[in-house]
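*Asks:* Input file: data15.tsv. Contents: TSV, N, CA and C atoms.
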chain	number	residue	atom	x	y	z
A	1	MET	N	9.62	-5.21	-44.28
A	1	MET	CA	9.20	-4.14	-43.42
A	1	MET	C	10.22	-3.87	-42.33
A	2	ASN	N	10.96	-4.89	-41.93
A	2	ASN	CA	11.91	-4.75	-40.83
A	2	ASN	C	13.27	-4.38	-41.39
A	3	ASP	N	13.84	-3.28	-40.92
A	3	ASP	CA	15.15	-2.87	-41.42
A	3	ASP	C	16.26	-3.07	-40.41
A	4	LYS	N	15.98	-3.73	-39.29
A	4	LYS	CA	16.99	-4.03	-38.29
A	4	LYS	C	16.88	-5.49	-37.90
A	5	LEU	N	17.90	-5.99	-37.21
A	5	LEU	CA	17.83	-7.34	-36.68
A	5	LEU	C	16.82	-7.37	-35.55
A	6	THR	N	16.04	-8.43	-35.48
A	6	THR	CA	15.00	-8.55	-34.48
A	6	THR	C	15.55	-9.17	-33.21
A	7	LYS	N	15.40	-8.49	-32.09
A	7	LYS	CA	15.89	-8.99	-30.81
A	7	LYS	C	14.91	-10.04	-30.28
A	8	ILE	N	15.47	-11.16	-29.81
A	8	ILE	CA	14.64	-12.23	-29.27
A	8	ILE	C	15.21	-12.71	-27.93
A	9	THR	N	14.38	-13.35	-27.16
A	9	THR	CA	14.78	-14.05	-25.96
A	9	THR	C	14.19	-15.44	-26.04
A	10	LEU	N	15.03	-16.45	-25.96
A	10	LEU	CA	14.60	-17.85	-25.99
A	10	LEU	C	14.81	-18.47	-24.62
A	11	THR	N	13.80	-19.13	-24.11
A	11	THR	CA	13.92	-19.86	-22.86
A	11	THR	C	13.50	-21.29	-23.12
A	12	PHE	N	14.37	-22.23	-22.77
A	12	PHE	CA	14.04	-23.63	-22.97
A	12	PHE	C	14.45	-24.44	-21.74
A	13	PRO	N	13.69	-25.48	-21.42
A	13	PRO	CA	14.00	-26.29	-20.24
A	13	PRO	C	15.02	-27.37	-20.56
A	14	MET	N	15.88	-27.64	-19.59
A	14	MET	CA	16.81	-28.77	-19.67
A	14	MET	C	16.71	-29.53	-18.35
A	15	ARG	N	16.35	-30.78	-18.43
A	15	ARG	CA	16.32	-31.60	-17.23
A	15	ARG	C	17.73	-31.91	-16.76
A	16	TYR	N	17.90	-32.04	-15.46
A	16	TYR	CA	19.19	-32.47	-14.93
A	16	TYR	C	18.94	-33.48	-13.82
A	17	ASP	N	19.92	-34.34	-13.63
A	17	ASP	CA	19.88	-35.40	-12.61
A	17	ASP	C	18.70	-36.35	-12.78
A	18	ARG	N	18.09	-36.35	-13.96
A	18	ARG	CA	17.06	-37.33	-14.32
A	18	ARG	C	16.97	-37.36	-15.85
A	19	PRO	N	16.51	-38.47	-16.42
A	19	PRO	CA	16.52	-38.60	-17.88
A	19	PRO	C	15.58	-37.61	-18.58
A	20	ASN	N	16.04	-37.10	-19.73
A	20	ASN	CA	15.14	-36.31	-20.58
A	20	ASN	C	14.40	-37.27	-21.52
A	21	ARG	N	13.68	-36.75	-22.51
A	21	ARG	CA	12.89	-37.62	-23.41
A	21	ARG	C	13.76	-38.57	-24.23
A	22	ASN	N	15.03	-38.24	-24.40
A	22	ASN	CA	15.95	-39.10	-25.13
A	22	ASN	C	16.67	-40.09	-24.23
A	23	GLY	N	16.38	-40.02	-22.93
A	23	GLY	CA	17.05	-40.90	-21.98
A	23	GLY	C	18.40	-40.40	-21.51
A	24	THR	N	18.77	-39.18	-21.90
A	24	THR	CA	20.05	-38.60	-21.52
A	24	THR	C	19.93	-37.89	-20.18
A	25	VAL	N	20.94	-38.06	-19.32
A	25	VAL	CA	20.95	-37.41	-18.02
A	25	VAL	C	22.10	-36.40	-17.99
A	26	PHE	N	21.78	-35.13	-17.72
A	26	PHE	CA	22.77	-34.08	-17.59
A	26	PHE	C	22.91	-33.72	-16.11
A	27	THR	N	24.06	-33.19	-15.74
A	27	THR	CA	24.22	-32.62	-14.41
A	27	THR	C	24.08	-31.10	-14.53
A	28	LYS	N	23.77	-30.44	-13.42
A	28	LYS	CA	23.70	-28.97	-13.41
A	28	LYS	C	25.02	-28.38	-13.86
A	29	GLU	N	26.11	-28.96	-13.37
A	29	GLU	CA	27.44	-28.44	-13.71
A	29	GLU	C	27.72	-28.58	-15.20
A	30	ALA	N	27.29	-29.67	-15.80
A	30	ALA	CA	27.52	-29.87	-17.24
A	30	ALA	C	26.77	-28.82	-18.06
A	31	ILE	N	25.54	-28.50	-17.65
A	31	ILE	CA	24.76	-27.48	-18.36
A	31	ILE	C	25.46	-26.13	-18.26
A	32	GLU	N	25.83	-25.73	-17.05
A	32	GLU	CA	26.49	-24.44	-16.86
A	32	GLU	C	27.83	-24.38	-17.59
A	33	ASN	N	28.61	-25.45	-17.53
A	33	ASN	CA	29.91	-25.47	-18.20
A	33	ASN	C	29.76	-25.41	-19.71
A	34	ALA	N	28.77	-26.10	-20.26
A	34	ALA	CA	28.58	-26.11	-21.72
A	34	ALA	C	28.27	-24.72	-22.23
A	35	PHE	N	27.37	-24.02	-21.55
A	35	PHE	CA	27.05	-22.66	-21.99
A	35	PHE	C	28.18	-21.70	-21.67
A	36	GLY	N	28.86	-21.90	-20.57
A	36	GLY	CA	29.96	-21.03	-20.20
A	36	GLY	C	31.16	-21.15	-21.11
A	37	SER	N	31.34	-22.32	-21.73
A	37	SER	CA	32.49	-22.52	-22.61
A	37	SER	C	32.13	-22.41	-24.09
A	38	SER	N	30.86	-22.08	-24.39
A	38	SER	CA	30.46	-21.96	-25.79
A	38	SER	C	31.03	-20.68	-26.39
A	39	PRO	N	31.03	-20.59	-27.71
A	39	PRO	CA	31.59	-19.41	-28.38
A	39	PRO	C	30.86	-18.13	-27.95
A	40	LEU	N	31.46	-17.01	-28.25
A	40	LEU	CA	30.84	-15.73	-27.90
A	40	LEU	C	29.44	-15.60	-28.47
A	41	ALA	N	29.24	-16.05	-29.66
A	41	ALA	CA	27.92	-16.03	-30.28
A	41	ALA	C	27.75	-17.34	-31.03
A	42	MET	N	26.57	-17.91	-30.91
A	42	MET	CA	26.28	-19.16	-31.62
A	42	MET	C	25.22	-18.90	-32.68
A	43	PRO	N	25.28	-19.63	-33.79
A	43	PRO	CA	24.24	-19.46	-34.80
A	43	PRO	C	22.92	-20.06	-34.31
A	44	ILE	N	21.83	-19.44	-34.73
A	44	ILE	CA	20.49	-20.00	-34.53
A	44	ILE	C	20.13	-20.64	-35.86
A	45	LEU	N	19.95	-21.95	-35.85
A	45	LEU	CA	19.77	-22.70	-37.08
A	45	LEU	C	18.36	-23.23	-37.21
A	46	ILE	N	17.93	-23.41	-38.46
A	46	ILE	CA	16.68	-24.11	-38.74
A	46	ILE	C	17.02	-25.26	-39.66
A	47	ASN	N	16.46	-26.42	-39.35
A	47	ASN	CA	16.75	-27.63	-40.10
A	47	ASN	C	15.67	-27.82	-41.17
A	48	PRO	N	16.03	-27.76	-42.46
A	48	PRO	CA	15.02	-27.79	-43.51
A	48	PRO	C	14.39	-29.15	-43.76
A	49	ASP	N	15.02	-30.24	-43.30
A	49	ASP	CA	14.46	-31.55	-43.62
A	49	ASP	C	13.60	-32.13	-42.50
A	50	GLU	N	13.28	-31.32	-41.50
A	50	GLU	CA	12.36	-31.68	-40.42
A	50	GLU	C	12.83	-32.81	-39.53
A	51	SER	N	14.08	-33.24	-39.67
A	51	SER	CA	14.59	-34.26	-38.76
A	51	SER	C	15.08	-33.57	-37.50
A	52	SER	N	15.24	-34.34	-36.45
A	52	SER	CA	15.71	-33.75	-35.20
A	52	SER	C	17.23	-33.80	-35.10
A	53	ILE	N	17.88	-34.27	-36.16
A	53	ILE	CA	19.33	-34.40	-36.14
A	53	ILE	C	19.95	-33.25	-36.92
A	54	PHE	N	20.79	-32.48	-36.23
A	54	PHE	CA	21.49	-31.38	-36.89
A	54	PHE	C	22.87	-31.88	-37.33
A	55	THR	N	23.15	-31.71	-38.61
A	55	THR	CA	24.43	-32.17	-39.15
A	55	THR	C	25.38	-31.00	-39.40
A	56	TYR	N	24.89	-29.78	-39.30
A	56	TYR	CA	25.65	-28.57	-39.60
A	56	TYR	C	26.09	-28.54	-41.06
A	57	ARG	N	25.34	-29.21	-41.92
A	57	ARG	CA	25.60	-29.15	-43.36
A	57	ARG	C	24.42	-28.55	-44.11
A	58	ASN	N	23.20	-28.90	-43.70
A	58	ASN	CA	22.01	-28.48	-44.45
A	58	ASN	C	21.22	-27.38	-43.76
A	59	GLU	N	21.60	-27.02	-42.54
A	59	GLU	CA	20.83	-26.05	-41.80
A	59	GLU	C	21.01	-24.65	-42.36
A	60	HIS	N	20.03	-23.81	-42.08
A	60	HIS	CA	20.08	-22.42	-42.49
A	60	HIS	C	20.21	-21.56	-41.24
A	61	CYS	N	21.15	-20.63	-41.26
A	61	CYS	CA	21.35	-19.73	-40.13
A	61	CYS	C	20.31	-18.61	-40.23
A	62	ILE	N	19.45	-18.52	-39.19
A	62	ILE	CA	18.41	-17.49	-39.20
A	62	ILE	C	18.69	-16.40	-38.17
A	63	GLY	N	19.82	-16.54	-37.44
A	63	GLY	CA	20.16	-15.53	-36.44
A	63	GLY	C	21.39	-15.93	-35.66
A	64	MET	N	21.71	-15.10	-34.66
A	64	MET	CA	22.86	-15.34	-33.79
A	64	MET	C	22.47	-15.05	-32.35
A	65	THR	N	23.06	-15.82	-31.42
A	65	THR	CA	22.85	-15.54	-30.00
A	65	THR	C	23.88	-14.52	-29.54
A	66	THR	N	23.62	-13.95	-28.38
A	66	THR	CA	24.62	-13.14	-27.70
A	66	THR	C	25.29	-14.04	-26.67
A	67	PRO	N	26.39	-13.63	-26.10
A	67	PRO	CA	27.07	-14.51	-25.13
A	67	PRO	C	26.48	-14.43	-23.72
A	68	THR	N	25.21	-14.04	-23.61
A	68	THR	CA	24.57	-13.89	-22.30
A	68	THR	C	23.59	-15.03	-22.08
A	69	TYR	N	23.78	-15.76	-20.99
A	69	TYR	CA	22.91	-16.88	-20.65
A	69	TYR	C	22.44	-16.73	-19.21
A	70	TYR	N	21.19	-17.08	-18.96
A	70	TYR	CA	20.64	-17.05	-17.62
A	70	TYR	C	20.13	-18.44	-17.28
A	71	PHE	N	20.31	-18.84	-16.04
A	71	PHE	CA	19.86	-20.15	-15.58
A	71	PHE	C	18.88	-19.96	-14.43
A	72	ASP	N	17.75	-20.65	-14.49
A	72	ASP	CA	16.75	-20.63	-13.43
A	72	ASP	C	16.43	-22.09	-13.09
A	73	TYR	N	16.75	-22.48	-11.86
A	73	TYR	CA	16.63	-23.88	-11.46
A	73	TYR	C	15.35	-24.13	-10.68
A	74	ASP	N	14.67	-25.20	-11.07
A	74	ASP	CA	13.54	-25.73	-10.31
A	74	ASP	C	14.05	-27.01	-9.66
A	75	GLU	N	14.50	-26.89	-8.43
A	75	GLU	CA	15.13	-28.02	-7.73
A	75	GLU	C	14.15	-29.18	-7.50
A	76	ASP	N	12.87	-28.88	-7.28
A	76	ASP	CA	11.89	-29.94	-7.03
A	76	ASP	C	11.69	-30.84	-8.24
A	77	ASN	N	11.62	-30.22	-9.44
A	77	ASN	CA	11.38	-30.99	-10.67
A	77	ASN	C	12.66	-31.29	-11.45
A	78	LYS	N	13.80	-30.81	-10.95
A	78	LYS	CA	15.10	-31.05	-11.60
A	78	LYS	C	15.10	-30.53	-13.04
A	79	VAL	N	14.68	-29.27	-13.19
A	79	VAL	CA	14.66	-28.63	-14.50
A	79	VAL	C	15.39	-27.30	-14.40
A	80	CYS	N	16.27	-27.06	-15.36
A	80	CYS	CA	16.95	-25.78	-15.48
A	80	CYS	C	16.39	-25.09	-16.71
A	81	GLU	N	15.83	-23.90	-16.53
A	81	GLU	CA	15.40	-23.11	-17.67
A	81	GLU	C	16.57	-22.23	-18.10
A	82	VAL	N	17.02	-22.43	-19.32
A	82	VAL	CA	18.12	-21.66	-19.87
A	82	VAL	C	17.54	-20.57	-20.76
A	83	THR	N	17.93	-19.33	-20.49
A	83	THR	CA	17.46	-18.21	-21.29
A	83	THR	C	18.64	-17.61	-22.05
A	84	ILE	N	18.44	-17.45	-23.35
A	84	ILE	CA	19.46	-16.94	-24.25
A	84	ILE	C	18.88	-15.74	-24.99
A	85	GLU	N	19.68	-14.71	-25.15
A	85	GLU	CA	19.27	-13.57	-25.97
A	85	GLU	C	19.95	-13.67	-27.32
A	86	GLY	N	19.32	-13.09	-28.31
A	86	GLY	CA	19.90	-13.14	-29.64
A	86	GLY	C	19.21	-12.20	-30.60
A	87	ARG	N	19.58	-12.32	-31.84
A	87	ARG	CA	19.00	-11.51	-32.92
A	87	ARG	C	18.67	-12.43	-34.08
A	88	LEU	N	17.51	-12.21	-34.69
A	88	LEU	CA	17.12	-12.95	-35.89
A	88	LEU	C	17.26	-12.06	-37.11
A	89	PHE	N	17.69	-12.67	-38.20
A	89	PHE	CA	17.79	-11.97	-39.49
A	89	PHE	C	16.46	-12.10	-40.21
A	90	ASN	N	16.12	-11.16	-41.03
A	90	ASN	CA	15.01	-11.26	-41.98
A	90	ASN	C	13.69	-11.68	-41.33
A	91	VAL	N	13.33	-11.01	-40.25
A	91	VAL	CA	12.07	-11.30	-39.58
A	91	VAL	C	11.19	-10.08	-39.69
A	92	GLY	N	9.94	-10.31	-39.94
A	92	GLY	CA	9.02	-9.18	-40.00
A	92	GLY	C	7.61	-9.64	-40.24
A	93	PRO	N	6.70	-8.70	-40.17
A	93	PRO	CA	5.29	-9.05	-40.35
A	93	PRO	C	4.92	-9.17	-41.82
A	94	THR	N	3.94	-10.02	-42.08
A	94	THR	CA	3.27	-10.06	-43.37
A	94	THR	C	2.06	-9.14	-43.22
A	95	ILE	N	1.95	-8.18	-44.11
A	95	ILE	CA	0.90	-7.18	-43.93
A	95	ILE	C	-0.12	-7.21	-45.06
A	96	ARG	N	-1.30	-6.70	-44.75
A	96	ARG	CA	-2.34	-6.44	-45.75
A	96	ARG	C	-2.56	-4.93	-45.74
A	97	ILE	N	-2.31	-4.29	-46.86
A	97	ILE	CA	-2.46	-2.84	-46.97
A	97	ILE	C	-3.93	-2.51	-47.16
A	98	ASN	N	-4.43	-1.65	-46.28
A	98	ASN	CA	-5.82	-1.22	-46.37
A	98	ASN	C	-5.97	0.14	-47.07
A	99	GLU	N	-4.95	0.99	-46.90
A	99	GLU	CA	-5.06	2.33	-47.48
A	99	GLU	C	-3.68	2.93	-47.72
A	100	MET	N	-3.56	3.63	-48.82
A	100	MET	CA	-2.33	4.36	-49.13
A	100	MET	C	-2.68	5.79	-49.54
A	101	GLN	N	-1.82	6.74	-49.14
A	101	GLN	CA	-1.98	8.13	-49.56
A	101	GLN	C	-0.61	8.68	-49.89
A	102	ASP	N	-0.48	9.27	-51.03
A	102	ASP	CA	0.78	9.88	-51.48
A	102	ASP	C	1.94	8.89	-51.44
A	103	GLY	N	1.69	7.65	-51.81
A	103	GLY	CA	2.73	6.63	-51.85
A	103	GLY	C	3.15	6.09	-50.50
A	104	LYS	N	2.41	6.44	-49.44
A	104	LYS	CA	2.72	5.96	-48.10
A	104	LYS	C	1.55	5.13	-47.57
A	105	ILE	N	1.89	4.08	-46.84
A	105	ILE	CA	0.86	3.24	-46.23
A	105	ILE	C	0.31	3.98	-45.02
A	106	THR	N	-0.98	4.22	-45.01
A	106	THR	CA	-1.62	4.93	-43.91
A	106	THR	C	-2.48	4.02	-43.04
A	107	ASP	N	-2.77	2.80	-43.52
A	107	ASP	CA	-3.53	1.84	-42.72
A	107	ASP	C	-3.21	0.44	-43.23
A	108	PHE	N	-2.91	-0.46	-42.29
A	108	PHE	CA	-2.61	-1.84	-42.67
A	108	PHE	C	-2.92	-2.78	-41.51
A	109	ASP	N	-3.03	-4.06	-41.81
A	109	ASP	CA	-3.23	-5.12	-40.81
A	109	ASP	C	-2.03	-6.04	-40.84
A	110	ILE	N	-1.62	-6.52	-39.67
A	110	ILE	CA	-0.56	-7.52	-39.59
A	110	ILE	C	-1.22	-8.89	-39.62
A	111	MET	N	-0.81	-9.72	-40.58
A	111	MET	CA	-1.43	-11.03	-40.77
A	111	MET	C	-0.64	-12.15	-40.09
A	112	SER	N	0.68	-12.02	-40.05
A	112	SER	CA	1.53	-13.04	-39.43
A	112	SER	C	2.93	-12.46	-39.25
A	113	ILE	N	3.76	-13.21	-38.55
A	113	ILE	CA	5.18	-12.86	-38.42
A	113	ILE	C	5.96	-13.98	-39.10
A	114	GLY	N	6.91	-13.61	-39.93
A	114	GLY	CA	7.64	-14.62	-40.68
A	114	GLY	C	9.14	-14.48	-40.55
A	115	ILE	N	9.82	-15.60	-40.78
A	115	ILE	CA	11.27	-15.66	-40.83
A	115	ILE	C	11.63	-16.13	-42.23
A	116	VAL	N	12.48	-15.37	-42.89
A	116	VAL	CA	12.86	-15.70	-44.26
A	116	VAL	C	14.35	-15.98	-44.28
A	117	LYS	N	14.74	-17.08	-44.92
A	117	LYS	CA	16.17	-17.33	-45.07
A	117	LYS	C	16.69	-16.56	-46.28
A	118	LYS	N	17.91	-16.06	-46.15
A	118	LYS	CA	18.52	-15.34	-47.28
A	118	LYS	C	18.99	-16.35	-48.30
A	119	GLU	N	18.85	-16.00	-49.56
A	119	GLU	CA	19.32	-16.84	-50.64
A	119	GLU	C	20.08	-16.00	-51.65
A	120	GLU	N	20.99	-16.65	-52.31
A	120	GLU	CA	21.71	-16.00	-53.40
A	120	GLU	C	20.98	-16.29	-54.70
A	121	HIS	N	20.76	-15.25	-55.50
A	121	HIS	CA	20.14	-15.41	-56.81
A	121	HIS	C	20.84	-14.46	-57.76
A	122	ASN	N	21.51	-15.02	-58.76
A	122	ASN	CA	22.27	-14.21	-59.73
A	122	ASN	C	23.24	-13.25	-59.05
A	123	GLY	N	23.89	-13.74	-57.98
A	123	GLY	CA	24.89	-12.95	-57.30
A	123	GLY	C	24.35	-11.93	-56.32
A	124	GLN	N	23.04	-11.87	-56.15
A	124	GLN	CA	22.44	-10.93	-55.20
A	124	GLN	C	21.80	-11.69	-54.05
A	125	THR	N	21.91	-11.15	-52.85
A	125	THR	CA	21.26	-11.72	-51.70
A	125	THR	C	19.83	-11.21	-51.65
A	126	ILE	N	18.88	-12.15	-51.58
A	126	ILE	CA	17.47	-11.77	-51.53
A	126	ILE	C	16.82	-12.31	-50.28
Output the structure of this file as structure tokens.

*Replies:*
Amino acid sequence: MNDKLTKITLTFPMRYDRPNRNGTVFTKEAIENAFGSSPLAMPILINPDESSIFTYRNEHCIGMTTPTYYFDYDEDNKVCEVTIEGRLFNVGPTIRINEMQDGKITDFDIMSIGIVKKEEHNGQTI
């Protein structure tokens, strides 16, 4: 149903000056420098084996970020919310068609929103 890339905004927290759930401690400067020195666009990956370790071998690229990052600091809790904009490929609603007239859908319900990875099949991208 979707014929364009879907625009998204992702916001995720990063603790600084105190340990995160993995016991890692970042500084504010390290967070800003890492995003500031990252490539113009980064892939948005999904890991198919459900592990938390990304190897960059088995992941599927489902989109790309833009080079725009925003930082919002909560000094009391030592959390930086990083906001990234990007685009997702192959995203759209799953629909249930209720009515059609003259080959056109005139009434439908949206059942869910899905992300589909592209695959090659007999030389065609599906």

*Asks:* Using atom C of A:Thr66 and atom N of A:Leu40 as the two end points, give the distance in Å to one decimal.

*Replies:*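 So the two atoms, atom C of A:Thr66 and atom N of A:Leu40, lie 7.0 Å apart.
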
*Asks:* With only N, CA and C atoms as the basis for distance, which of A:Met111, A:Val25, A:Ile46, A:Ile62 is at the shortest distance from A:Arg87?

*Replies:*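 Smallest distance to A:Arg87 is found for A:Ile62.
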
*Asks:* What is the distance between atom N of A:Asp107 and atom C of A:Leu5, in Å to one decimal?

*Replies:* 23.5 Å

*Asks:* Tell me, which residues of stretch 20-124 of chain A carry DSSP strand (DSSP E or B), written as a short mmCIF file (atom, residue, chain, number, x, y, z; two decimals) with N, CA and C atoms, keeping the file's coordinate frame?

*Replies:*
data_model
loop_
_atom_site.label_atom_id
_atom_site.label_comp_id
_atom_site.auth_asym_id
_atom_site.auth_seq_id
_atom_site.Cartn_x
_atom_site.Cartn_y
_atom_site.Cartn_z
N PRO A 43 25.28 -19.63 -33.79
CA PRO A 43 24.24 -19.46 -34.80
C PRO A 43 22.92 -20.06 -34.31
N ILE A 44 21.83 -19.44 -34.73
CA ILE A 44 20.49 -20.00 -34.53
C ILE A 44 20.13 -20.64 -35.86
N LEU A 45 19.95 -21.95 -35.85
CA LEU A 45 19.77 -22.70 -37.08
C LEU A 45 18.36 -23.23 -37.21
N ILE A 46 17.93 -23.41 -38.46
CA ILE A 46 16.68 -24.11 -38.74
C ILE A 46 17.02 -25.26 -39.66
N HIS A 60 20.03 -23.81 -42.08
CA HIS A 60 20.08 -22.42 -42.49
C HIS A 60 20.21 -21.56 -41.24
N CYS A 61 21.15 -20.63 -41.26
CA CYS A 61 21.35 -19.73 -40.13
C CYS A 61 20.31 -18.61 -40.23
N ILE A 62 19.45 -18.52 -39.19
CA ILE A 62 18.41 -17.49 -39.20
C ILE A 62 18.69 -16.40 -38.17
N GLY A 63 19.82 -16.54 -37.44
CA GLY A 63 20.16 -15.53 -36.44
C GLY A 63 21.39 -15.93 -35.66
N MET A 64 21.71 -15.10 -34.66
CA MET A 64 22.86 -15.34 -33.79
C MET A 64 22.47 -15.05 -32.35
N THR A 65 23.06 -15.82 -31.42
CA THR A 65 22.85 -15.54 -30.00
C THR A 65 23.88 -14.52 -29.54
N THR A 66 23.62 -13.95 -28.38
CA THR A 66 24.62 -13.14 -27.70
C THR A 66 25.29 -14.04 -26.67
N PRO A 67 26.39 -13.63 -26.10
CA PRO A 67 27.07 -14.51 -25.13
C PRO A 67 26.48 -14.43 -23.72
N THR A 68 25.21 -14.04 -23.61
CA THR A 68 24.57 -13.89 -22.30
C THR A 68 23.59 -15.03 -22.08
N TYR A 69 23.78 -15.76 -20.99
CA TYR A 69 22.91 -16.88 -20.65
C TYR A 69 22.44 -16.73 -19.21
N TYR A 70 21.19 -17.08 -18.96
CA TYR A 70 20.64 -17.05 -17.62
C TYR A 70 20.13 -18.44 -17.28
N PHE A 71 20.31 -18.84 -16.04
CA PHE A 71 19.86 -20.15 -15.58
C PHE A 71 18.88 -19.96 -14.43
N ASP A 72 17.75 -20.65 -14.49
CA ASP A 72 16.75 -20.63 -13.43
C ASP A 72 16.43 -22.09 -13.09
N TYR A 73 16.75 -22.48 -11.86
CA TYR A 73 16.63 -23.88 -11.46
C TYR A 73 15.35 -24.13 -10.68
N ASP A 74 14.67 -25.20 -11.07
CA ASP A 74 13.54 -25.73 -10.31
C ASP A 74 14.05 -27.01 -9.66
N VAL A 79 14.68 -29.27 -13.19
CA VAL A 79 14.66 -28.63 -14.50
C VAL A 79 15.39 -27.30 -14.40
N CYS A 80 16.27 -27.06 -15.36
CA CYS A 80 16.95 -25.78 -15.48
C CYS A 80 16.39 -25.09 -16.71
N GLU A 81 15.83 -23.90 -16.53
CA GLU A 81 15.40 -23.11 -17.67
C GLU A 81 16.57 -22.23 -18.10
N VAL A 82 17.02 -22.43 -19.32
CA VAL A 82 18.12 -21.66 -19.87
C VAL A 82 17.54 -20.57 -20.76
N THR A 83 17.93 -19.33 -20.49
CA THR A 83 17.46 -18.21 -21.29
C THR A 83 18.64 -17.61 -22.05
N ILE A 84 18.44 -17.45 -23.35
CA ILE A 84 19.46 -16.94 -24.25
C ILE A 84 18.88 -15.74 -24.99
N GLU A 85 19.68 -14.71 -25.15
CA GLU A 85 19.27 -13.57 -25.97
C GLU A 85 19.95 -13.67 -27.32
N GLY A 86 19.32 -13.09 -28.31
CA GLY A 86 19.90 -13.14 -29.64
C GLY A 86 19.21 -12.20 -30.60
N ARG A 87 19.58 -12.32 -31.84
CA ARG A 87 19.00 -11.51 -32.92
C ARG A 87 18.67 -12.43 -34.08
N LEU A 88 17.51 -12.21 -34.69
CA LEU A 88 17.12 -12.95 -35.89
C LEU A 88 17.26 -12.06 -37.11
N VAL A 91 13.33 -11.01 -40.25
CA VAL A 91 12.07 -11.30 -39.58
C VAL A 91 11.19 -10.08 -39.69
N GLY A 92 9.94 -10.31 -39.94
CA GLY A 92 9.02 -9.18 -40.00
C GLY A 92 7.61 -9.64 -40.24
N PRO A 93 6.70 -8.70 -40.17
CA PRO A 93 5.29 -9.05 -40.35
C PRO A 93 4.92 -9.17 -41.82
N THR A 94 3.94 -10.02 -42.08
CA THR A 94 3.27 -10.06 -43.37
C THR A 94 2.06 -9.14 -43.22
N ILE A 95 1.95 -8.18 -44.11
CA ILE A 95 0.90 -7.18 -43.93
C ILE A 95 -0.12 -7.21 -45.06
N ARG A 96 -1.30 -6.70 -44.75
CA ARG A 96 -2.34 -6.44 -45.75
C ARG A 96 -2.56 -4.93 -45.74
N ILE A 97 -2.31 -4.29 -46.86
CA ILE A 97 -2.46 -2.84 -46.97
C ILE A 97 -3.93 -2.51 -47.16
N ASN A 98 -4.43 -1.65 -46.28
CA ASN A 98 -5.82 -1.22 -46.37
C ASN A 98 -5.97 0.14 -47.07
N GLU A 99 -4.95 0.99 -46.90
CA GLU A 99 -5.06 2.33 -47.48
C GLU A 99 -3.68 2.93 -47.72
N MET A 100 -3.56 3.63 -48.82
CA MET A 100 -2.33 4.36 -49.13
C MET A 100 -2.68 5.79 -49.54
N GLN A 101 -1.82 6.74 -49.14
CA GLN A 101 -1.98 8.13 -49.56
C GLN A 101 -0.61 8.68 -49.89
N LYS A 104 2.41 6.44 -49.44
CA LYS A 104 2.72 5.96 -48.10
C LYS A 104 1.55 5.13 -47.57
N ILE A 105 1.89 4.08 -46.84
CA ILE A 105 0.86 3.24 -46.23
C ILE A 105 0.31 3.98 -45.02
N THR A 106 -0.98 4.22 -45.01
CA THR A 106 -1.62 4.93 -43.91
C THR A 106 -2.48 4.02 -43.04
N ASP A 107 -2.77 2.80 -43.52
CA ASP A 107 -3.53 1.84 -42.72
C ASP A 107 -3.21 0.44 -43.23
N PHE A 108 -2.91 -0.46 -42.29
CA PHE A 108 -2.61 -1.84 -42.67
C PHE A 108 -2.92 -2.78 -41.51
N ASP A 109 -3.03 -4.06 -41.81
CA ASP A 109 -3.23 -5.12 -40.81
C ASP A 109 -2.03 -6.04 -40.84
N ILE A 110 -1.62 -6.52 -39.67
CA ILE A 110 -0.56 -7.52 -39.59
C ILE A 110 -1.22 -8.89 -39.62
N MET A 111 -0.81 -9.72 -40.58
CA MET A 111 -1.43 -11.03 -40.77
C MET A 111 -0.64 -12.15 -40.09
N SER A 112 0.68 -12.02 -40.05
CA SER A 112 1.53 -13.04 -39.43
C SER A 112 2.93 -12.46 -39.25
N ILE A 113 3.76 -13.21 -38.55
CA ILE A 113 5.18 -12.86 -38.42
C ILE A 113 5.96 -13.98 -39.10
N GLY A 114 6.91 -13.61 -39.93
CA GLY A 114 7.64 -14.62 -40.68
C GLY A 114 9.14 -14.48 -40.55
N ILE A 115 9.82 -15.60 -40.78
CA ILE A 115 11.27 -15.66 -40.83
C ILE A 115 11.63 -16.13 -42.23
N GLU A 120 20.99 -16.65 -52.31
CA GLU A 120 21.71 -16.00 -53.40
C GLU A 120 20.98 -16.29 -54.70
N HIS A 121 20.76 -15.25 -55.50
CA HIS A 121 20.14 -15.41 -56.81
C HIS A 121 20.84 -14.46 -57.76
N GLN A 124 23.04 -11.87 -56.15
CA GLN A 124 22.44 -10.93 -55.20
C GLN A 124 21.80 -11.69 -54.05
#

*Asks:* Considering only C-alpha atoms, state which residue in the set A:Asn22, A:Gln101, A:Thr9, A:Thr27 is at the smallest distance from A:Leu88.

*Replies:*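 Selected residue with least distance to A:Leu88: A:Thr9.
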
*Asks:* Could you work out how far atom CA of A:Asn33 lies from atom CA of A:Lys78, giving the answer in Å with one decimal?

*Replies:*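 Interatomic distance, atom CA of A:Lys78 to atom CA of A:Asn33: 17.1 Å.
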
*Asks:* Tell me, which residues of stretch 15-115 of chain A carry DSSP helix (DSSP H, G or I), written as a CSV table (one decimal) with N, CA and C atoms, keeping the file's coordinate frame?

*Replies:*
chain,number,residue,atom,x,y,z
A,28,LYS,N,23.8,-30.4,-13.4
A,28,LYS,CA,23.7,-29.0,-13.4
A,28,LYS,C,25.0,-28.4,-13.9
A,29,GLU,N,26.1,-29.0,-13.4
A,29,GLU,CA,27.4,-28.4,-13.7
A,29,GLU,C,27.7,-28.6,-15.2
A,30,ALA,N,27.3,-29.7,-15.8
A,30,ALA,CA,27.5,-29.9,-17.2
A,30,ALA,C,26.8,-28.8,-18.1
A,31,ILE,N,25.5,-28.5,-17.6
A,31,ILE,CA,24.8,-27.5,-18.4
A,31,ILE,C,25.5,-26.1,-18.3
A,32,GLU,N,25.8,-25.7,-17.0
A,32,GLU,CA,26.5,-24.4,-16.9
A,32,GLU,C,27.8,-24.4,-17.6
A,33,ASN,N,28.6,-25.4,-17.5
A,33,ASN,CA,29.9,-25.5,-18.2
A,33,ASN,C,29.8,-25.4,-19.7
A,34,ALA,N,28.8,-26.1,-20.3
A,34,ALA,CA,28.6,-26.1,-21.7
A,34,ALA,C,28.3,-24.7,-22.2
A,35,PHE,N,27.4,-24.0,-21.6
A,35,PHE,CA,27.0,-22.7,-22.0
A,35,PHE,C,28.2,-21.7,-21.7
A,36,GLY,N,28.9,-21.9,-20.6
A,36,GLY,CA,30.0,-21.0,-20.2
A,36,GLY,C,31.2,-21.2,-21.1
